[in-house]
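Containing JSON, C-alpha atoms: input-v1.json.
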```json
[["chain", "number", "residue", "atom", "x", "y", "z"],
["A", 25, "MET", "CA", 69.47, -67.48, -5.65],
["A", 26, "ASN", "CA", 68.52, -65.15, -8.52],
["A", 27, "ARG", "CA", 65.95, -67.71, -9.79],
["A", 28, "ILE", "CA", 64.18, -67.70, -6.41],
["A", 29, "LYS", "CA", 63.81, -63.91, -6.61],
["A", 30, "LEU", "CA", 61.99, -64.37, -9.93],
["A", 31, "PHE", "CA", 59.21, -66.37, -8.17],
["A", 32, "ILE", "CA", 58.55, -63.78, -5.44],
["A", 33, "PRO", "CA", 56.16, -61.71, -7.62],
["A", 34, "LEU", "CA", 54.31, -64.91, -8.57],
["A", 35, "VAL", "CA", 53.90, -65.92, -4.91],
["A", 36, "ILE", "CA", 52.66, -62.42, -4.03],
["A", 37, "PHE", "CA", 50.19, -62.55, -6.93],
["A", 38, "VAL", "CA", 48.83, -65.95, -5.85],
["A", 39, "VAL", "CA", 48.37, -64.76, -2.25],
["A", 40, "LEU", "CA", 46.60, -61.55, -3.35],
["A", 41, "ALA", "CA", 44.43, -63.43, -5.85],
["A", 42, "THR", "CA", 43.38, -65.85, -3.11],
["A", 43, "PHE", "CA", 42.35, -63.00, -0.79],
["A", 44, "LEU", "CA", 40.44, -61.24, -3.60],
["A", 45, "TRP", "CA", 38.66, -64.45, -4.60],
["A", 46, "ARG", "CA", 37.65, -65.05, -0.98],
["A", 47, "GLY", "CA", 36.41, -61.48, -0.66],
["A", 48, "LEU", "CA", 34.26, -61.76, -3.78],
["A", 49, "SER", "CA", 32.60, -64.92, -2.49],
["A", 50, "ILE", "CA", 31.32, -63.21, 0.71],
["A", 51, "ASP", "CA", 27.71, -61.99, 0.68],
["A", 52, "PRO", "CA", 27.85, -58.28, 1.63],
["A", 53, "GLY", "CA", 24.21, -58.38, 2.74],
["A", 54, "HIS", "CA", 24.89, -61.03, 5.34],
["A", 55, "LEU", "CA", 26.18, -59.36, 8.46],
["A", 56, "PRO", "CA", 26.05, -61.86, 11.32],
["A", 57, "SER", "CA", 24.50, -60.85, 14.59],
["A", 58, "ALA", "CA", 25.72, -61.96, 18.00],
["A", 59, "LEU", "CA", 22.11, -61.62, 19.20],
["A", 60, "ILE", "CA", 20.64, -64.47, 17.15],
["A", 61, "ASP", "CA", 18.84, -66.84, 19.58],
["A", 62, "LYS", "CA", 19.10, -64.22, 22.35],
["A", 63, "PRO", "CA", 16.39, -61.92, 23.73],
["A", 64, "VAL", "CA", 15.82, -58.42, 22.44],
["A", 65, "PRO", "CA", 17.90, -56.16, 24.72],
["A", 66, "ASP", "CA", 15.96, -54.55, 27.54],
["A", 67, "PHE", "CA", 14.76, -51.05, 26.74],
["A", 68, "LYS", "CA", 12.26, -48.46, 27.86],
["A", 69, "LEU", "CA", 11.86, -45.77, 25.20],
["A", 70, "PRO", "CA", 9.16, -43.34, 24.02],
["A", 71, "ASN", "CA", 6.41, -44.22, 21.56],
["A", 72, "LEU", "CA", 6.74, -42.06, 18.42],
["A", 73, "GLN", "CA", 2.99, -41.36, 18.30],
["A", 74, "ASP", "CA", 2.76, -40.49, 22.03],
["A", 75, "LEU", "CA", 6.09, -39.44, 23.50],
["A", 76, "GLU", "CA", 4.64, -39.58, 27.03],
["A", 77, "GLN", "CA", 4.07, -43.34, 26.63],
["A", 78, "GLN", "CA", 7.10, -45.54, 27.29],
["A", 79, "LEU", "CA", 7.47, -48.80, 25.36],
["A", 80, "SER", "CA", 9.63, -51.73, 26.46],
["A", 81, "ASN", "CA", 10.63, -55.07, 25.01],
["A", 82, "GLU", "CA", 8.04, -56.65, 27.36],
["A", 83, "ASP", "CA", 5.23, -54.89, 25.46],
["A", 84, "PHE", "CA", 5.78, -57.01, 22.37],
["A", 85, "ILE", "CA", 6.08, -60.49, 23.87],
["A", 86, "GLY", "CA", 3.26, -62.87, 22.98],
["A", 87, "GLU", "CA", 3.38, -63.05, 19.20],
["A", 88, "PRO", "CA", 6.16, -62.94, 16.61],
["A", 89, "TYR", "CA", 7.01, -59.63, 14.98],
["A", 90, "LEU", "CA", 9.42, -57.88, 12.68],
["A", 91, "LEU", "CA", 11.56, -55.22, 14.35],
["A", 92, "ASN", "CA", 12.26, -52.79, 11.51],
["A", 93, "VAL", "CA", 15.00, -50.16, 11.96],
["A", 94, "TRP", "CA", 14.13, -47.07, 9.89],
["A", 95, "ALA", "CA", 14.61, -43.31, 9.69],
["A", 96, "THR", "CA", 13.49, -40.38, 7.56],
["A", 97, "TRP", "CA", 17.11, -39.71, 6.53],
["A", 98, "CYS", "CA", 17.32, -43.23, 5.03],
["A", 99, "PRO", "CA", 16.41, -43.33, 1.30],
["A", 100, "SER", "CA", 16.30, -47.14, 1.28],
["A", 101, "CYS", "CA", 13.70, -47.06, 4.05],
["A", 102, "ARG", "CA", 11.36, -45.19, 1.71],
["A", 103, "VAL", "CA", 11.93, -47.86, -0.92],
["A", 104, "GLU", "CA", 10.86, -50.67, 1.43],
["A", 105, "HIS", "CA", 7.95, -48.72, 2.97],
["A", 106, "PRO", "CA", 5.26, -49.79, 0.43],
["A", 107, "PHE", "CA", 6.14, -53.45, 0.94],
["A", 108, "LEU", "CA", 5.98, -53.07, 4.72],
["A", 109, "LEU", "CA", 2.48, -51.64, 4.26],
["A", 110, "LYS", "CA", 1.55, -54.72, 2.24],
["A", 111, "LEU", "CA", 2.93, -57.03, 4.96],
["A", 112, "ALA", "CA", 1.01, -55.15, 7.65],
["A", 113, "GLU", "CA", -2.20, -55.51, 5.60],
["A", 114, "GLN", "CA", -1.54, -59.27, 5.49],
["A", 115, "GLY", "CA", -1.40, -59.34, 9.30],
["A", 116, "VAL", "CA", 2.35, -59.33, 9.86],
["A", 117, "LYS", "CA", 3.10, -57.46, 13.09],
["A", 118, "ILE", "CA", 5.83, -54.88, 12.51],
["A", 119, "VAL", "CA", 7.40, -52.82, 15.29],
["A", 120, "GLY", "CA", 9.35, -49.80, 14.09],
["A", 121, "LEU", "CA", 12.59, -48.63, 15.63],
["A", 122, "ASN", "CA", 12.93, -45.00, 14.57],
["A", 123, "TYR", "CA", 16.72, -44.77, 14.64],
["A", 124, "LYS", "CA", 18.67, -41.54, 15.30],
["A", 125, "ASP", "CA", 15.88, -39.46, 13.82],
["A", 126, "GLU", "CA", 13.81, -36.39, 14.61],
["A", 127, "ASN", "CA", 10.30, -37.08, 15.90],
["A", 128, "GLU", "CA", 8.22, -34.59, 13.92],
["A", 129, "PRO", "CA", 9.58, -35.46, 10.45],
["A", 130, "ALA", "CA", 9.14, -39.16, 11.30],
["A", 131, "ARG", "CA", 5.49, -38.65, 12.31],
["A", 132, "GLN", "CA", 4.87, -36.58, 9.17],
["A", 133, "LEU", "CA", 6.35, -39.27, 6.94],
["A", 134, "LEU", "CA", 4.04, -41.88, 8.47],
["A", 135, "GLU", "CA", 1.03, -39.58, 8.08],
["A", 136, "THR", "CA", 1.91, -38.88, 4.45],
["A", 137, "PHE", "CA", 2.76, -42.42, 3.31],
["A", 138, "ALA", "CA", 0.68, -44.44, 5.86],
["A", 139, "ASP", "CA", 1.91, -46.29, 8.92],
["A", 140, "PRO", "CA", 2.69, -50.02, 8.66],
["A", 141, "TYR", "CA", 3.87, -50.22, 12.27],
["A", 142, "HIS", "CA", 2.04, -51.75, 15.22],
["A", 143, "ALA", "CA", 4.11, -49.37, 17.36],
["A", 144, "ASN", "CA", 7.16, -47.19, 16.86],
["A", 145, "VAL", "CA", 9.98, -47.00, 19.38],
["A", 146, "VAL", "CA", 11.99, -43.75, 19.39],
["A", 147, "ASP", "CA", 15.73, -44.41, 19.57],
["A", 148, "SER", "CA", 16.96, -40.86, 19.07],
["A", 149, "ASP", "CA", 20.38, -41.39, 20.65],
["A", 150, "GLY", "CA", 20.92, -44.81, 19.02],
["A", 151, "ARG", "CA", 21.50, -46.77, 22.25],
["A", 152, "LEU", "CA", 19.03, -49.55, 21.46],
["A", 153, "GLY", "CA", 20.44, -49.70, 17.95],
["A", 154, "LEU", "CA", 23.91, -50.07, 19.43],
["A", 155, "ASP", "CA", 22.68, -52.86, 21.73],
["A", 156, "LEU", "CA", 21.14, -54.59, 18.70],
["A", 157, "GLY", "CA", 24.34, -54.24, 16.66],
["A", 158, "VAL", "CA", 22.67, -52.02, 14.06],
["A", 159, "TYR", "CA", 24.99, -50.90, 11.26],
["A", 160, "GLY", "CA", 22.47, -48.49, 9.75],
["A", 161, "ALA", "CA", 18.99, -48.41, 8.32],
["A", 162, "PRO", "CA", 17.11, -50.30, 7.11],
["A", 163, "GLU", "CA", 17.66, -53.45, 9.12],
["A", 164, "THR", "CA", 14.98, -55.94, 10.10],
["A", 165, "PHE", "CA", 15.00, -58.51, 12.90],
["A", 166, "ILE", "CA", 12.60, -61.42, 13.24],
["A", 167, "VAL", "CA", 11.60, -61.76, 16.88],
["A", 168, "ASP", "CA", 9.62, -64.78, 18.07],
["A", 169, "ALA", "CA", 6.68, -64.79, 20.51],
["A", 170, "GLU", "CA", 9.04, -65.13, 23.50],
["A", 171, "GLY", "CA", 11.05, -62.06, 22.49],
["A", 172, "ILE", "CA", 14.02, -64.02, 21.08],
["A", 173, "ILE", "CA", 15.77, -62.69, 17.96],
["A", 174, "ARG", "CA", 15.73, -65.41, 15.29],
["A", 175, "TYR", "CA", 17.12, -63.61, 12.25],
["A", 176, "LYS", "CA", 18.65, -60.31, 11.14],
["A", 177, "HIS", "CA", 18.37, -58.89, 7.63],
["A", 178, "VAL", "CA", 20.43, -55.89, 6.56],
["A", 179, "GLY", "CA", 18.95, -53.91, 3.69],
["A", 180, "VAL", "CA", 15.59, -53.40, 2.03],
["A", 181, "VAL", "CA", 12.81, -55.90, 2.65],
["A", 182, "ASP", "CA", 10.96, -56.56, -0.59],
["A", 183, "GLU", "CA", 8.89, -59.40, -2.04],
["A", 184, "ARG", "CA", 11.93, -61.51, -2.95],
["A", 185, "VAL", "CA", 13.63, -61.09, 0.44],
["A", 186, "TRP", "CA", 10.35, -61.76, 2.27],
["A", 187, "ARG", "CA", 9.57, -64.97, 0.34],
["A", 188, "SER", "CA", 13.09, -66.39, 0.25],
["A", 189, "LYS", "CA", 14.51, -65.39, 3.63],
["A", 190, "LEU", "CA", 12.11, -63.85, 6.12],
["A", 191, "ALA", "CA", 8.72, -65.56, 5.66],
["A", 192, "PRO", "CA", 10.01, -69.11, 6.28],
["A", 193, "ILE", "CA", 11.55, -68.04, 9.60],
["A", 194, "TYR", "CA", 8.67, -65.74, 10.59],
["A", 195, "ASN", "CA", 6.09, -68.47, 9.94],
["A", 196, "GLN", "CA", 7.89, -71.13, 12.02]]
```

Is it possible to express this structure as structure tokens?
Amino acid sequence: MNRIKLFIPLVIFVVLATFLWRGLSIDPGHLPSALIDKPVPDFKLPNLQDLEQQLSNEDFIGEPYLLNVWATWCPSCRVEHPFLLKLAEQGVKIVGLNYKDENEPARQLLETFADPYHANVVDSDGRLGLDLGVYGAPETFIVDAEGIIRYKHVGVVDERVWRSKLAPIYNQ
């Protein structure tokens, strides 16, 4: 009986080591979305550039686009901004989702650093973000011409991410 007690710490160590090994093998940037292959949730929200104008998911159906979740309070969003400008110059349609942000600072940021967005949806209370399963900013969704979400990327979009993950799906 005393010999069995000697193996208890070894068993505990093996179990913990297995959990740690499994945890290290998970990609922290891959957060699955329940909305993949489902339509963008219905919304009717203000346009950042003209708050009187309401935008809806119907306004963007017809061609594929990137739905980019961003905010002025997000430092990583500023890091990805120059690359989004480059994508927009190449003809990639990008719709911004200004997430839990203040309108005037958001407009000023786009005036100062240029605006890569085809349109910008104001989600000041975060409801659309909640419906999309947004964890924070930046996040980018690939939406096809029928308004179906095909991919979700959490984190900064840069040249490497675009070429290896997003462009192949966007160009399908």

Item to check | For segment 162-165 of chain A: contacts at 12 Å, all atoms listed in the file, fewer than 5 positions along chain excluded, given as JSON, numbers by chain | outcome: {"A": [53, 54, 55, 56, 57, 59, 60, 61, 62, 63, 64, 88, 89, 90, 91, 92, 93, 94, 95, 96, 97, 98, 99, 100, 101, 102, 103, 104, 105, 108, 117, 118, 119, 120, 121, 122, 123, 153, 156, 157, 171, 172, 173, 174, 175, 176, 177, 178, 179, 180, 181, 182, 185, 186, 189, 190, 191, 193, 194]}

Export of the given selection (C-alpha atoms) as a compact mmCIF listing (two decimals), in the coordinates of the input:
```txt
# COMPACT_ATOMS: atom_id res chain seq x y z
CA GLY A 53 24.21 -58.38 2.74
CA HIS A 54 24.89 -61.03 5.34
CA LEU A 55 26.18 -59.36 8.46
CA PRO A 56 26.05 -61.86 11.32
CA SER A 57 24.50 -60.85 14.59
CA LEU A 59 22.11 -61.62 19.20
CA ILE A 60 20.64 -64.47 17.15
CA ASP A 61 18.84 -66.84 19.58
CA LYS A 62 19.10 -64.22 22.35
CA PRO A 63 16.39 -61.92 23.73
CA VAL A 64 15.82 -58.42 22.44
CA PRO A 88 6.16 -62.94 16.61
CA TYR A 89 7.01 -59.63 14.98
CA LEU A 90 9.42 -57.88 12.68
CA LEU A 91 11.56 -55.22 14.35
CA ASN A 92 12.26 -52.79 11.51
CA VAL A 93 15.00 -50.16 11.96
CA TRP A 94 14.13 -47.07 9.89
CA ALA A 95 14.61 -43.31 9.69
CA THR A 96 13.49 -40.38 7.56
CA TRP A 97 17.11 -39.71 6.53
CA CYS A 98 17.32 -43.23 5.03
CA PRO A 99 16.41 -43.33 1.30
CA SER A 100 16.30 -47.14 1.28
CA CYS A 101 13.70 -47.06 4.05
CA ARG A 102 11.36 -45.19 1.71
CA VAL A 103 11.93 -47.86 -0.92
CA GLU A 104 10.86 -50.67 1.43
CA HIS A 105 7.95 -48.72 2.97
CA LEU A 108 5.98 -53.07 4.72
CA LYS A 117 3.10 -57.46 13.09
CA ILE A 118 5.83 -54.88 12.51
CA VAL A 119 7.40 -52.82 15.29
CA GLY A 120 9.35 -49.80 14.09
CA LEU A 121 12.59 -48.63 15.63
CA ASN A 122 12.93 -45.00 14.57
CA TYR A 123 16.72 -44.77 14.64
CA GLY A 153 20.44 -49.70 17.95
CA LEU A 156 21.14 -54.59 18.70
CA GLY A 157 24.34 -54.24 16.66
CA GLY A 171 11.05 -62.06 22.49
CA ILE A 172 14.02 -64.02 21.08
CA ILE A 173 15.77 -62.69 17.96
CA ARG A 174 15.73 -65.41 15.29
CA TYR A 175 17.12 -63.61 12.25
CA LYS A 176 18.65 -60.31 11.14
CA HIS A 177 18.37 -58.89 7.63
CA VAL A 178 20.43 -55.89 6.56
CA GLY A 179 18.95 -53.91 3.69
CA VAL A 180 15.59 -53.40 2.03
CA VAL A 181 12.81 -55.90 2.65
CA ASP A 182 10.96 -56.56 -0.59
CA VAL A 185 13.63 -61.09 0.44
CA TRP A 186 10.35 -61.76 2.27
CA LYS A 189 14.51 -65.39 3.63
CA LEU A 190 12.11 -63.85 6.12
CA ALA A 191 8.72 -65.56 5.66
CA ILE A 193 11.55 -68.04 9.60
CA TYR A 194 8.67 -65.74 10.59
```

Next on the checklist: As an exercise, work out the distance from atom CA of Asp83 of chain A to atom CA of Val167 of chain A in Å and give it to one decimal place.
Outcome noted: 12.7 Å

Item to check | atom CA of Ala112 of chain A to atom CA of Pro192 of chain A, straight-line distance in Å | outcome: 16.7 Å

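With all atoms listed in the file as the atoms that count, the minimum distance from Leu134 of chain A to the choices A:Thr42, A:Gln73, A:Ser148, A:Ser188 is reached by A:Gln73.
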
Checklist entry - Hey, can you check how far atom CA of Pro65 of chain A sits from atom CA of Asp155 of chain A? => result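 Result for atom CA of Pro65 of chain A versus atom CA of Asp155 of chain A: 6.5 Å, one decimal.
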
Next on the checklist: Ranking A:Phe43, A:Ala161, A:Lys124, A:Glu113 by minimum distance to Pro140 of chain A and counting all atoms listed in the file, which one comes first?
Outcome noted: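 Nearest candidate to Pro140 of chain A out of A:Phe43, A:Ala161, A:Lys124, A:Glu113: A:Glu113.
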
Where's the centre, and what are the edge lengths in Å to one decimal, of a box along x, y and z enclosing all listed atoms of segment 143-155 of chain A padded 3 Å per side, as JSON?
```
{"center_x": 14.0, "center_y": -46.9, "center_z": 19.6, "size_x": 25.8, "size_y": 18.0, "size_z": 11.4}
```

Checklist entry - Between A:Gln196, A:Asn127, A:Gln132, A:Asn81, which one has atoms that come closest to Leu69 of chain A, using all atoms listed in the file? => result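 Ranked by minimum distance to Leu69 of chain A, first place goes to A:Asn81.
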
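Remark: for Ala169 of chain A, the closest of the candidate residues A:Gly115, A:Pro129, A:His142, A:Asn195 is A:Asn195 (distances computed over only C-alpha atoms).
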
Item to check | Nearest to Ala143 of chain A, chosen from A:Ala130, A:Glu170, A:Phe84, A:Val116, with only C-alpha atoms counted in the distances | outcome: A:Phe84

Skipping near chain neighbours, those fewer than 3 positions away, what residues fall within 10 Å of Leu75 of chain A using all atoms listed in the file, listed as an mmCIF file with C-alpha atoms, in the coordinates of the input?
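And here's around.cif as it stands now:
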```cif
data_model
loop_
_atom_site.group_PDB
_atom_site.id
_atom_site.type_symbol
_atom_site.label_atom_id
_atom_site.label_comp_id
_atom_site.auth_asym_id
_atom_site.auth_seq_id
_atom_site.Cartn_x
_atom_site.Cartn_y
_atom_site.Cartn_z
ATOM 1 C CA LEU A 69 11.860 -45.770 25.200
ATOM 2 C CA PRO A 70 9.160 -43.340 24.020
ATOM 3 C CA ASN A 71 6.410 -44.220 21.560
ATOM 4 C CA LEU A 72 6.740 -42.060 18.420
ATOM 5 C CA GLN A 78 7.100 -45.540 27.290
ATOM 6 C CA LEU A 79 7.470 -48.800 25.360
ATOM 7 C CA ASN A 127 10.300 -37.080 15.900
ATOM 8 C CA VAL A 145 9.980 -47.000 19.380
ATOM 9 C CA VAL A 146 11.990 -43.750 19.390
#
```

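The nearest approach to Glu183 of chain A among the residues A:Pro106, A:Ile85, A:Asp66, A:Ala41, with only C-alpha atoms taken into account, belongs to A:Pro106.
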